[in-house]
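Have a look at the structure below before the remarks.
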Amino acid sequence: MDYRRFLREDVGALEEYQPVKPLDVLAEEIGMPVGQLVKLDANENLYGAPAAVYDAIAKADLHIYPDPGQNHLREAIAGYVGHGVTPEQVVGGTGADDLIDLIFRLTMPEKVAVVTPAFGMYSFLAKINRVQPIEVPRLPGTFDLDIDALRDAVDDGARIVFLTSPNNPTGNALLIEQARAVCEMDALVIIDEAYIEFGGESAAPLLAEFSNLVILRTFSKWAGIAGLRVGYALCDPGFAKLMMAIKQPYNVNVAADVAARAAIEHRAEIFETVRALIAERGRMVRLLEGLGWLKALPSASNFVLFRVEGRSAKAVVKGLRQQGVLVRYYPRPDLADYIRISAGRPEDTDRLVAALRQVALR
Ligand SMILES: *Cc1c(COP(=O)(O)O)cnc(C)c1O
């Protein structure tokens, strides 16, 4: 029997997610040692996690299964988030990505509204779950939320709304009053706050008011543990209970669990790097705008979207890559003239600027 007979009918329509390539693969392709690459393409915290996080993992009982109820983790996260959030309102996941998938599996709507340009996982996981993504473009130029267009999408049958604040890749954040207006719509509202530690106003105070609001967060961007995959949802306790009920029992592994709790415990130390990255974002903007052909969009995040003027953005990304500097380009019409660059350490910015000067000479 041919296995193809047993596949889902829409298997041909499924597209693979296009993640950034692993560093060693890129190093090989570029012909440079891994240590010489400047990784500004995936918004990781390049300062890494503090020693206390590594110590916690070293001491963990790796031979024992994790707690499926995530009790210690949920309590620590609730304390970290504040805003009156209780542990019953927290659900941990294998990264925020896991929770996006879980939300689709719990709700199975016909259509989901995705405010674009957006993080690619929303549409990717929607399609895997046979949910049709309806793109709701942000306003041209500013990339502000088009609330009327979003309302139209909900009126047209989107039962879930995905929006990100601060948004990836545009960097702009939602005002809490805008978030409130979205929560008043007849839909499950997912606000992804993956970058909230770097700026923007959290929608968390609205959780007490709106049971249709789910906030997603992660340890990947601020805490320096993207490789461990820990994210969480904040939501109504009833919704949280359902998510807990259908998740993979051990979705947060032992190393990830202790590392996330150590990160919370030692957050003062990590926030020093967060502040350094925010300062470096400002320095990067000044230096790059000084080149005369890059225009920064305002950012409340740990990356900046730059508009490339008078030359091809795609060629710039290629030119940087040849010099070992990795930044993000999106092959889609609304972002064709833009590149997204993560904020790094001062030495990363210096390499970036030197490489951009080289690109400009060609
Ligand atoms: C990076 C990112 C995530 C992924 O978070 P993980 O916890 O690493 O899965 C989620 N949302 C947005 C907008 C992101 O940029």
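Letters A, B, ... go to the chains of the structure tokens in the order shown; residues in each chain start at 1; ligands are counted from 1 in the same order.
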Exercise. What's the 12 Å shell around Asp257 (chain A), counting only C-alpha atoms, without same-chain residues fewer than 6 positions away, as a PyMOL selection string?
Worked result: chain A and resi 53+56-57+60-62+65-77+92-95+219+225+228-232+250-251+263-264
Keeping only N, CA, C and O atoms, write those residues as a compact mmCIF listing (two decimals), in the first residue's frame.
# COMPACT_ATOMS: atom_id res chain seq x y z
N VAL A 53 20.91 30.63 35.71
CA VAL A 53 20.01 29.80 34.90
C VAL A 53 20.71 28.48 34.55
O VAL A 53 20.12 27.40 34.65
N ALA A 56 20.82 26.27 37.62
CA ALA A 56 19.53 25.64 37.91
C ALA A 56 19.35 24.39 37.05
O ALA A 56 18.89 23.35 37.53
N ILE A 57 19.75 24.47 35.80
CA ILE A 57 19.62 23.30 34.91
C ILE A 57 20.56 22.19 35.37
O ILE A 57 20.19 21.02 35.40
N ALA A 60 19.00 20.23 38.13
CA ALA A 60 17.64 19.67 37.95
C ALA A 60 17.67 18.15 37.85
O ALA A 60 18.65 17.56 37.41
N ASP A 61 16.57 17.52 38.29
CA ASP A 61 16.44 16.07 38.19
C ASP A 61 15.93 15.69 36.80
O ASP A 61 14.72 15.55 36.58
N LEU A 62 16.86 15.51 35.90
CA LEU A 62 16.46 15.30 34.51
C LEU A 62 15.88 13.91 34.25
O LEU A 62 15.28 13.68 33.21
N TYR A 65 10.02 12.91 35.14
CA TYR A 65 9.11 13.66 34.27
C TYR A 65 8.74 14.99 34.92
O TYR A 65 8.65 15.09 36.14
N PRO A 66 8.46 15.99 34.09
CA PRO A 66 8.05 17.28 34.67
C PRO A 66 6.63 17.23 35.24
O PRO A 66 5.89 16.26 34.99
N ASP A 67 6.26 18.25 35.97
CA ASP A 67 4.92 18.37 36.56
C ASP A 67 3.93 18.79 35.48
O ASP A 67 4.01 19.91 34.97
N PRO A 68 2.99 17.93 35.10
CA PRO A 68 2.04 18.30 34.05
C PRO A 68 1.16 19.49 34.47
O PRO A 68 0.65 20.22 33.62
N GLY A 69 1.00 19.68 35.77
CA GLY A 69 0.21 20.82 36.26
C GLY A 69 0.99 22.12 36.30
O GLY A 69 0.42 23.18 36.56
N GLN A 70 2.30 22.04 36.06
CA GLN A 70 3.18 23.23 36.00
C GLN A 70 3.01 24.13 37.23
O GLN A 70 3.05 25.36 37.12
N ASN A 71 2.79 23.55 38.39
CA ASN A 71 2.40 24.34 39.56
C ASN A 71 3.41 25.41 39.96
O ASN A 71 3.04 26.57 40.14
N HIS A 72 4.67 25.02 40.11
CA HIS A 72 5.67 26.02 40.52
C HIS A 72 5.84 27.10 39.44
O HIS A 72 5.95 28.28 39.73
N LEU A 73 5.85 26.65 38.20
CA LEU A 73 6.07 27.58 37.09
C LEU A 73 4.91 28.58 36.98
O LEU A 73 5.13 29.79 36.83
N ARG A 74 3.69 28.08 37.06
CA ARG A 74 2.53 28.98 36.93
C ARG A 74 2.50 30.01 38.05
O ARG A 74 2.14 31.16 37.84
N GLU A 75 2.90 29.56 39.23
CA GLU A 75 2.91 30.48 40.36
C GLU A 75 3.99 31.57 40.16
O GLU A 75 3.75 32.75 40.38
N ALA A 76 5.16 31.12 39.72
CA ALA A 76 6.25 32.08 39.50
C ALA A 76 5.87 33.08 38.40
O ALA A 76 6.12 34.28 38.53
N ILE A 77 5.25 32.58 37.33
CA ILE A 77 4.88 33.47 36.22
C ILE A 77 3.81 34.47 36.67
O ILE A 77 3.90 35.66 36.36
N GLY A 92 1.61 27.21 30.68
CA GLY A 92 2.95 27.16 30.10
C GLY A 92 2.97 26.33 28.83
O GLY A 92 2.17 25.39 28.67
N GLY A 93 3.89 26.67 27.93
CA GLY A 93 3.98 25.92 26.68
C GLY A 93 5.42 25.74 26.23
O GLY A 93 6.33 26.36 26.76
N THR A 94 5.58 24.87 25.23
CA THR A 94 6.87 24.68 24.58
C THR A 94 7.10 25.88 23.67
O THR A 94 6.93 25.81 22.45
N GLY A 95 7.40 27.01 24.26
CA GLY A 95 7.42 28.27 23.54
C GLY A 95 6.00 28.77 23.35
O GLY A 95 5.03 28.02 23.53
N PHE A 219 9.72 33.45 27.15
CA PHE A 219 11.04 33.68 27.74
C PHE A 219 12.12 33.76 26.65
O PHE A 219 13.29 33.91 26.95
N ILE A 225 16.73 32.48 26.75
CA ILE A 225 16.61 31.02 26.73
C ILE A 225 15.70 30.55 25.58
O ILE A 225 14.92 29.60 25.73
N LEU A 228 15.52 26.86 24.86
CA LEU A 228 14.84 25.95 25.78
C LEU A 228 13.35 25.86 25.52
O LEU A 228 12.68 24.94 26.00
N ARG A 229 12.79 26.84 24.81
CA ARG A 229 11.38 26.85 24.43
C ARG A 229 10.45 26.94 25.64
O ARG A 229 9.89 25.93 26.09
N VAL A 230 10.28 28.11 26.20
CA VAL A 230 9.26 28.33 27.23
C VAL A 230 8.46 29.58 26.90
O VAL A 230 9.00 30.67 26.75
N GLY A 231 7.15 29.39 26.77
CA GLY A 231 6.24 30.51 26.59
C GLY A 231 5.04 30.28 27.49
O GLY A 231 4.94 29.24 28.14
N TYR A 232 4.15 31.27 27.54
CA TYR A 232 2.95 31.07 28.35
C TYR A 232 1.80 31.91 27.84
O TYR A 232 1.99 32.89 27.12
N TYR A 250 3.50 16.88 29.23
CA TYR A 250 4.85 17.31 29.63
C TYR A 250 5.42 18.36 28.68
O TYR A 250 6.59 18.31 28.32
N ASN A 251 4.58 19.30 28.27
CA ASN A 251 5.03 20.24 27.22
C ASN A 251 6.14 21.19 27.70
O ASN A 251 6.92 21.67 26.89
N ALA A 263 15.19 32.36 35.74
CA ALA A 263 15.20 33.65 35.03
C ALA A 263 14.32 34.66 35.77
O ALA A 263 14.70 35.83 35.91
N ILE A 264 13.18 34.22 36.24
CA ILE A 264 12.30 35.13 37.00
C ILE A 264 12.98 35.56 38.29
O ILE A 264 13.01 36.74 38.64
For this session: Could you report the residues within 6 Å of ligand 1, using only C-alpha atoms and all ligand atoms, as an MDAnalysis selection string?
Result: chainID A and resid 95:97 119 164 168 192 194 218 220 226 229:231
For this session: Write out as a PyMOL selection string all residues of region 10-204 of chain A that backbone DSSP assigns to helix (DSSP H, G or I).
Result: chain A and resi 10-13+23-30+34-36+51-59+71-81+87-89+95-107+121-128+147-155+176-183+196-198+204
Exercise. Which one is closest to Leu294 (chain A): A:Gly120, A:Gly282, A:Gly310, A:Gly199? Count only C-alpha atoms.
Worked result: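 The shortest atom-to-atom distance to Leu294 (chain A) comes from A:Gly310.
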For this session: Go through A:Leu320, A:Ser342, A:Leu326, A:Thr349 and flag the residue nearest Leu26 (chain A), using only C-alpha atoms for the distances.
Result: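 The closest residue to Leu26 (chain A) is A:Leu326.
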Problem set entry | Residue neighbourhood Ala181 (chain A), 12 Å, only C-alpha atoms, exclusion window fewer than 3 positions, as a ChimeraX atom specification | /A:145-148,150-151,174-178,184-187,189,203,206,210,213
For this session: Determine, counting only C-alpha atoms, which protein, DNA and RNA residues have an atom within 10 Å of an atom of Val85 (chain A); residues of the same chain fewer than 6 positions away are not included. Present the result as a list in words.
Result: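 Everything that qualifies: Glu75, Ile77, Ala78, Gly79, Ala204, Pro205, Leu207, Ala208, Leu234, Cys235, Asp236 and Pro237 of chain A.
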With all heavy atoms retained, export the selected residues as a PDB file, in the first residue's frame.
ATOM      1  N   GLU A  75       2.897  29.564  39.234  1.00  0.00           N
ATOM      2  CA  GLU A  75       2.914  30.484  40.357  1.00  0.00           C
ATOM      3  C   GLU A  75       3.987  31.567  40.160  1.00  0.00           C
ATOM      4  O   GLU A  75       3.746  32.752  40.379  1.00  0.00           O
ATOM      5  CB  GLU A  75       3.182  29.690  41.638  1.00  0.00           C
ATOM      6  CG  GLU A  75       2.843  30.455  42.889  1.00  0.00           C
ATOM      7  CD  GLU A  75       3.095  29.621  44.140  1.00  0.00           C
ATOM      8  OE1 GLU A  75       2.816  28.403  44.111  1.00  0.00           O
ATOM      9  OE2 GLU A  75       3.587  30.200  45.111  1.00  0.00           O
ATOM     10  N   ILE A  77       5.249  32.581  37.333  1.00  0.00           N
ATOM     11  CA  ILE A  77       4.877  33.466  36.217  1.00  0.00           C
ATOM     12  C   ILE A  77       3.811  34.474  36.669  1.00  0.00           C
ATOM     13  O   ILE A  77       3.898  35.662  36.358  1.00  0.00           O
ATOM     14  CB  ILE A  77       4.395  32.643  34.995  1.00  0.00           C
ATOM     15  CG1 ILE A  77       5.587  31.914  34.352  1.00  0.00           C
ATOM     16  CG2 ILE A  77       3.706  33.549  33.972  1.00  0.00           C
ATOM     17  CD1 ILE A  77       5.217  30.915  33.269  1.00  0.00           C
ATOM     18  N   ALA A  78       2.817  34.002  37.419  1.00  0.00           N
ATOM     19  CA  ALA A  78       1.765  34.918  37.895  1.00  0.00           C
ATOM     20  C   ALA A  78       2.386  36.039  38.732  1.00  0.00           C
ATOM     21  O   ALA A  78       2.039  37.215  38.572  1.00  0.00           O
ATOM     22  CB  ALA A  78       0.718  34.155  38.694  1.00  0.00           C
ATOM     23  N   GLY A  79       3.334  35.680  39.585  1.00  0.00           N
ATOM     24  CA  GLY A  79       4.009  36.686  40.399  1.00  0.00           C
ATOM     25  C   GLY A  79       4.795  37.655  39.544  1.00  0.00           C
ATOM     26  O   GLY A  79       4.817  38.863  39.791  1.00  0.00           O
ATOM     27  N   ALA A 204      -2.489  43.244  29.898  1.00  0.00           N
ATOM     28  CA  ALA A 204      -2.809  42.395  31.050  1.00  0.00           C
ATOM     29  C   ALA A 204      -3.894  42.970  31.978  1.00  0.00           C
ATOM     30  O   ALA A 204      -4.717  42.204  32.485  1.00  0.00           O
ATOM     31  CB  ALA A 204      -1.530  42.064  31.830  1.00  0.00           C
ATOM     32  N   PRO A 205      -3.934  44.305  32.203  1.00  0.00           N
ATOM     33  CA  PRO A 205      -5.011  44.830  33.056  1.00  0.00           C
ATOM     34  C   PRO A 205      -6.413  44.519  32.512  1.00  0.00           C
ATOM     35  O   PRO A 205      -7.380  44.523  33.267  1.00  0.00           O
ATOM     36  CB  PRO A 205      -4.758  46.346  33.063  1.00  0.00           C
ATOM     37  CG  PRO A 205      -3.317  46.498  32.755  1.00  0.00           C
ATOM     38  CD  PRO A 205      -2.977  45.369  31.825  1.00  0.00           C
ATOM     39  N   LEU A 207      -7.410  41.686  31.380  1.00  0.00           N
ATOM     40  CA  LEU A 207      -7.792  40.281  31.604  1.00  0.00           C
ATOM     41  C   LEU A 207      -8.943  40.175  32.614  1.00  0.00           C
ATOM     42  O   LEU A 207      -9.788  39.286  32.504  1.00  0.00           O
ATOM     43  CB  LEU A 207      -6.592  39.477  32.117  1.00  0.00           C
ATOM     44  CG  LEU A 207      -5.543  39.103  31.063  1.00  0.00           C
ATOM     45  CD1 LEU A 207      -4.266  38.624  31.750  1.00  0.00           C
ATOM     46  CD2 LEU A 207      -6.082  38.045  30.107  1.00  0.00           C
ATOM     47  N   ALA A 208      -8.962  41.090  33.591  1.00  0.00           N
ATOM     48  CA  ALA A 208     -10.000  41.050  34.622  1.00  0.00           C
ATOM     49  C   ALA A 208     -11.373  41.368  34.028  1.00  0.00           C
ATOM     50  O   ALA A 208     -12.400  40.991  34.581  1.00  0.00           O
ATOM     51  CB  ALA A 208      -9.659  42.045  35.726  1.00  0.00           C
ATOM     52  N   LEU A 234      -1.776  33.916  29.184  1.00  0.00           N
ATOM     53  CA  LEU A 234      -2.497  34.499  30.310  1.00  0.00           C
ATOM     54  C   LEU A 234      -3.940  34.660  29.840  1.00  0.00           C
ATOM     55  O   LEU A 234      -4.178  35.240  28.780  1.00  0.00           O
ATOM     56  CB  LEU A 234      -1.922  35.867  30.668  1.00  0.00           C
ATOM     57  CG  LEU A 234      -0.414  35.928  30.934  1.00  0.00           C
ATOM     58  CD1 LEU A 234       0.047  37.382  31.043  1.00  0.00           C
ATOM     59  CD2 LEU A 234      -0.079  35.165  32.212  1.00  0.00           C
ATOM     60  N   CYS A 235      -4.889  34.148  30.596  1.00  0.00           N
ATOM     61  CA  CYS A 235      -6.269  34.171  30.107  1.00  0.00           C
ATOM     62  C   CYS A 235      -7.257  33.933  31.243  1.00  0.00           C
ATOM     63  O   CYS A 235      -6.866  33.827  32.407  1.00  0.00           O
ATOM     64  CB  CYS A 235      -6.449  33.117  29.016  1.00  0.00           C
ATOM     65  SG  CYS A 235      -5.986  31.461  29.535  1.00  0.00           S
ATOM     66  N   ASP A 236      -8.505  33.820  30.889  1.00  0.00           N
ATOM     67  CA  ASP A 236      -9.553  33.479  31.847  1.00  0.00           C
ATOM     68  C   ASP A 236      -9.233  32.115  32.488  1.00  0.00           C
ATOM     69  O   ASP A 236      -8.779  31.201  31.790  1.00  0.00           O
ATOM     70  CB  ASP A 236     -10.871  33.405  31.062  1.00  0.00           C
ATOM     71  CG  ASP A 236     -12.032  33.015  31.938  1.00  0.00           C
ATOM     72  OD1 ASP A 236     -12.635  33.911  32.541  1.00  0.00           O
ATOM     73  OD2 ASP A 236     -12.314  31.793  32.031  1.00  0.00           O
ATOM     74  N   PRO A 237      -9.467  31.947  33.790  1.00  0.00           N
ATOM     75  CA  PRO A 237      -9.136  30.670  34.437  1.00  0.00           C
ATOM     76  C   PRO A 237      -9.849  29.469  33.801  1.00  0.00           C
ATOM     77  O   PRO A 237      -9.281  28.373  33.728  1.00  0.00           O
ATOM     78  CB  PRO A 237      -9.620  30.852  35.883  1.00  0.00           C
ATOM     79  CG  PRO A 237      -9.795  32.315  36.083  1.00  0.00           C
ATOM     80  CD  PRO A 237     -10.011  32.942  34.749  1.00  0.00           C
TER      81      PRO A 237
END
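For Leu14 (chain A), the set of protein, DNA and RNA residues having any atom at most 12 Å away, when counting only C-alpha atoms and skipping those fewer than 4 positions along the same chain, is A:Leu7, A:Arg8, A:Glu9, A:Asp10, A:Ser123, A:Phe124, A:Leu125, A:Ala126, A:Lys127, A:Ile128, A:Asn129, A:Arg130, A:Val131, A:Gln132.
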For the strand (DSSP E or B) assignment from backbone DSSP, which residues of region 31-270 of chain A qualify? Please present them as an mmCIF file with C-alpha atoms, in the first residue's frame.
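Writing the result to selection_30.cif gives the following:
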data_model
loop_
_atom_site.group_PDB
_atom_site.id
_atom_site.type_symbol
_atom_site.label_atom_id
_atom_site.label_comp_id
_atom_site.auth_asym_id
_atom_site.auth_seq_id
_atom_site.Cartn_x
_atom_site.Cartn_y
_atom_site.Cartn_z
ATOM 1 C CA VAL A 38 26.750 38.470 13.885
ATOM 2 C CA LYS A 39 23.292 37.078 14.533
ATOM 3 C CA VAL A 90 -1.400 30.898 33.379
ATOM 4 C CA VAL A 91 -0.641 28.067 30.921
ATOM 5 C CA GLY A 92 2.954 27.162 30.103
ATOM 6 C CA GLY A 93 3.982 25.915 26.684
ATOM 7 C CA LYS A 111 -11.534 31.471 9.990
ATOM 8 C CA VAL A 112 -8.986 33.481 11.952
ATOM 9 C CA ALA A 113 -8.125 37.150 11.401
ATOM 10 C CA VAL A 114 -4.376 37.803 11.372
ATOM 11 C CA VAL A 115 -3.264 41.434 11.524
ATOM 12 C CA THR A 116 -0.338 41.652 9.067
ATOM 13 C CA GLN A 132 -8.379 29.701 7.160
ATOM 14 C CA PRO A 133 -6.264 32.789 7.909
ATOM 15 C CA ILE A 134 -7.809 36.105 6.812
ATOM 16 C CA GLU A 135 -5.102 38.757 6.529
ATOM 17 C CA VAL A 136 -6.017 42.194 7.885
ATOM 18 C CA PRO A 137 -3.285 44.553 6.623
ATOM 19 C CA ILE A 160 -10.301 34.508 16.481
ATOM 20 C CA VAL A 161 -8.153 37.614 16.088
ATOM 21 C CA PHE A 162 -4.352 37.486 16.284
ATOM 22 C CA LEU A 163 -2.430 40.662 16.846
ATOM 23 C CA THR A 164 1.004 41.376 18.254
ATOM 24 C CA LEU A 188 -11.474 35.408 20.846
ATOM 25 C CA VAL A 189 -8.716 38.027 20.948
ATOM 26 C CA ILE A 190 -5.108 36.860 21.098
ATOM 27 C CA ILE A 191 -2.592 39.582 21.886
ATOM 28 C CA ASP A 192 0.964 38.333 21.505
ATOM 29 C CA LEU A 213 -8.759 37.900 25.856
ATOM 30 C CA VAL A 214 -5.685 35.659 25.723
ATOM 31 C CA ILE A 215 -2.219 37.167 26.095
ATOM 32 C CA LEU A 216 0.819 35.246 24.853
ATOM 33 C CA ARG A 217 4.288 35.780 26.217
ATOM 34 C CA THR A 218 7.649 34.052 26.058
ATOM 35 C CA GLY A 231 6.242 30.512 26.593
ATOM 36 C CA TYR A 232 2.952 31.074 28.351
ATOM 37 C CA ALA A 233 -0.617 32.205 27.927
ATOM 38 C CA LEU A 234 -2.497 34.499 30.310
#
For this session: Point out the residue among A:Arg180, A:Arg351, A:Arg345, A:Arg311 with the least atom-to-atom distance to Ala279 (chain A), counting only C-alpha atoms.
Result: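 Once distances to Ala279 (chain A) are computed over only C-alpha atoms, the minimum belongs to A:Arg345.
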Problem set entry | Selection: 8 Å around Val274 (chain A), only C-alpha atoms, excl. self and same-chain fewer than 2 positions, as number ranges by chain | A: 45, 197-198, 222, 270-272, 276-278
Keeping all heavy atoms for every residue in the selection just given, could you write it to a file as a PDB file, in the first residue's frame?
ATOM      1  N   ASN A  45      18.248  37.325  22.748  1.00  0.00           N
ATOM      2  CA  ASN A  45      19.065  38.166  23.631  1.00  0.00           C
ATOM      3  C   ASN A  45      20.517  37.695  23.522  1.00  0.00           C
ATOM      4  O   ASN A  45      20.881  36.639  24.041  1.00  0.00           O
ATOM      5  CB  ASN A  45      18.575  38.060  25.078  1.00  0.00           C
ATOM      6  CG  ASN A  45      19.344  38.965  26.029  1.00  0.00           C
ATOM      7  OD1 ASN A  45      20.481  39.364  25.741  1.00  0.00           O
ATOM      8  ND2 ASN A  45      18.746  39.285  27.161  1.00  0.00           N
ATOM      9  N   GLU A 197       8.705  43.036  27.311  1.00  0.00           N
ATOM     10  CA  GLU A 197       9.769  43.468  28.232  1.00  0.00           C
ATOM     11  C   GLU A 197      10.600  44.609  27.643  1.00  0.00           C
ATOM     12  O   GLU A 197      11.323  45.283  28.366  1.00  0.00           O
ATOM     13  CB  GLU A 197      10.678  42.289  28.586  1.00  0.00           C
ATOM     14  CG  GLU A 197      10.120  41.366  29.667  1.00  0.00           C
ATOM     15  CD  GLU A 197       9.095  40.357  29.155  1.00  0.00           C
ATOM     16  OE1 GLU A 197       8.858  40.300  27.919  1.00  0.00           O
ATOM     17  OE2 GLU A 197       8.522  39.602  29.973  1.00  0.00           O
ATOM     18  N   PHE A 198      10.490  44.817  26.320  1.00  0.00           N
ATOM     19  CA  PHE A 198      11.294  45.862  25.678  1.00  0.00           C
ATOM     20  C   PHE A 198      10.517  47.160  25.469  1.00  0.00           C
ATOM     21  O   PHE A 198      11.083  48.170  25.070  1.00  0.00           O
ATOM     22  CB  PHE A 198      11.841  45.355  24.338  1.00  0.00           C
ATOM     23  CG  PHE A 198      12.767  44.185  24.494  1.00  0.00           C
ATOM     24  CD1 PHE A 198      12.296  42.886  24.362  1.00  0.00           C
ATOM     25  CD2 PHE A 198      14.103  44.378  24.815  1.00  0.00           C
ATOM     26  CE1 PHE A 198      13.145  41.792  24.534  1.00  0.00           C
ATOM     27  CE2 PHE A 198      14.956  43.302  24.983  1.00  0.00           C
ATOM     28  CZ  PHE A 198      14.471  42.001  24.843  1.00  0.00           C
ATOM     29  N   TRP A 222      13.409  38.064  25.933  1.00  0.00           N
ATOM     30  CA  TRP A 222      14.083  38.863  26.970  1.00  0.00           C
ATOM     31  C   TRP A 222      15.046  38.022  27.805  1.00  0.00           C
ATOM     32  O   TRP A 222      16.098  38.499  28.204  1.00  0.00           O
ATOM     33  CB  TRP A 222      13.063  39.541  27.901  1.00  0.00           C
ATOM     34  CG  TRP A 222      12.306  38.620  28.818  1.00  0.00           C
ATOM     35  CD1 TRP A 222      11.219  37.866  28.477  1.00  0.00           C
ATOM     36  CD2 TRP A 222      12.565  38.348  30.200  1.00  0.00           C
ATOM     37  NE1 TRP A 222      10.791  37.138  29.570  1.00  0.00           N
ATOM     38  CE2 TRP A 222      11.593  37.421  30.637  1.00  0.00           C
ATOM     39  CE3 TRP A 222      13.526  38.795  31.122  1.00  0.00           C
ATOM     40  CZ2 TRP A 222      11.560  36.927  31.950  1.00  0.00           C
ATOM     41  CZ3 TRP A 222      13.486  38.302  32.418  1.00  0.00           C
ATOM     42  CH2 TRP A 222      12.518  37.380  32.821  1.00  0.00           C
ATOM     43  N   ILE A 270      18.944  40.032  34.419  1.00  0.00           N
ATOM     44  CA  ILE A 270      18.586  39.949  32.992  1.00  0.00           C
ATOM     45  C   ILE A 270      18.089  41.304  32.486  1.00  0.00           C
ATOM     46  O   ILE A 270      18.393  41.706  31.361  1.00  0.00           O
ATOM     47  CB  ILE A 270      17.531  38.855  32.751  1.00  0.00           C
ATOM     48  CG1 ILE A 270      18.032  37.504  33.269  1.00  0.00           C
ATOM     49  CG2 ILE A 270      17.195  38.756  31.255  1.00  0.00           C
ATOM     50  CD1 ILE A 270      17.047  36.365  33.121  1.00  0.00           C
ATOM     51  N   PHE A 271      17.361  42.019  33.330  1.00  0.00           N
ATOM     52  CA  PHE A 271      16.847  43.317  32.889  1.00  0.00           C
ATOM     53  C   PHE A 271      17.956  44.336  32.628  1.00  0.00           C
ATOM     54  O   PHE A 271      17.760  45.284  31.870  1.00  0.00           O
ATOM     55  CB  PHE A 271      15.799  43.858  33.868  1.00  0.00           C
ATOM     56  CG  PHE A 271      14.439  43.258  33.646  1.00  0.00           C
ATOM     57  CD1 PHE A 271      13.685  42.741  34.688  1.00  0.00           C
ATOM     58  CD2 PHE A 271      13.904  43.186  32.366  1.00  0.00           C
ATOM     59  CE1 PHE A 271      12.435  42.161  34.468  1.00  0.00           C
ATOM     60  CE2 PHE A 271      12.655  42.613  32.130  1.00  0.00           C
ATOM     61  CZ  PHE A 271      11.918  42.107  33.188  1.00  0.00           C
ATOM     62  N   GLU A 272      19.135  44.105  33.233  1.00  0.00           N
ATOM     63  CA  GLU A 272      20.261  44.967  32.870  1.00  0.00           C
ATOM     64  C   GLU A 272      20.597  44.785  31.390  1.00  0.00           C
ATOM     65  O   GLU A 272      20.905  45.740  30.690  1.00  0.00           O
ATOM     66  CB  GLU A 272      21.494  44.632  33.723  1.00  0.00           C
ATOM     67  CG  GLU A 272      21.439  45.264  35.104  1.00  0.00           C
ATOM     68  CD  GLU A 272      22.597  44.819  35.984  1.00  0.00           C
ATOM     69  OE1 GLU A 272      23.706  44.573  35.456  1.00  0.00           O
ATOM     70  OE2 GLU A 272      22.376  44.707  37.211  1.00  0.00           O
ATOM     71  N   ALA A 276      20.297  47.393  28.281  1.00  0.00           N
ATOM     72  CA  ALA A 276      21.436  47.599  27.366  1.00  0.00           C
ATOM     73  C   ALA A 276      20.989  47.427  25.908  1.00  0.00           C
ATOM     74  O   ALA A 276      21.399  48.187  25.029  1.00  0.00           O
ATOM     75  CB  ALA A 276      22.561  46.615  27.698  1.00  0.00           C
ATOM     76  N   LEU A 277      20.116  46.448  25.662  1.00  0.00           N
ATOM     77  CA  LEU A 277      19.637  46.215  24.294  1.00  0.00           C
ATOM     78  C   LEU A 277      18.764  47.376  23.815  1.00  0.00           C
ATOM     79  O   LEU A 277      18.821  47.769  22.644  1.00  0.00           O
ATOM     80  CB  LEU A 277      18.864  44.888  24.217  1.00  0.00           C
ATOM     81  CG  LEU A 277      19.730  43.629  24.384  1.00  0.00           C
ATOM     82  CD1 LEU A 277      18.861  42.386  24.611  1.00  0.00           C
ATOM     83  CD2 LEU A 277      20.645  43.423  23.173  1.00  0.00           C
ATOM     84  N   ILE A 278      17.964  47.927  24.726  1.00  0.00           N
ATOM     85  CA  ILE A 278      17.123  49.077  24.365  1.00  0.00           C
ATOM     86  C   ILE A 278      18.012  50.280  24.031  1.00  0.00           C
ATOM     87  O   ILE A 278      17.792  50.990  23.039  1.00  0.00           O
ATOM     88  CB  ILE A 278      16.136  49.408  25.507  1.00  0.00           C
ATOM     89  CG1 ILE A 278      15.100  48.281  25.642  1.00  0.00           C
ATOM     90  CG2 ILE A 278      15.439  50.752  25.257  1.00  0.00           C
ATOM     91  CD1 ILE A 278      14.216  48.371  26.883  1.00  0.00           C
TER      92      ILE A 278
END
Exercise. Smallest atom-to-atom distance to Leu242 (chain A): which of A:Val182, A:Leu106, A:Ala52, A:Leu356, using only C-alpha atoms?
Worked result: A:Leu106
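When only C-alpha atoms are used to compute distances to Leu305 (chain A), the closest of the residues A:Lys59, A:Arg332, A:Arg340, A:Lys318 turns out to be A:Arg340.
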Exercise. Given the choices A:Val254, A:Cys183, A:Leu287, A:Ile100, which gets closest to Ile64 (chain A) if the distance is worked out from only C-alpha atoms?
Worked result: A:Val254
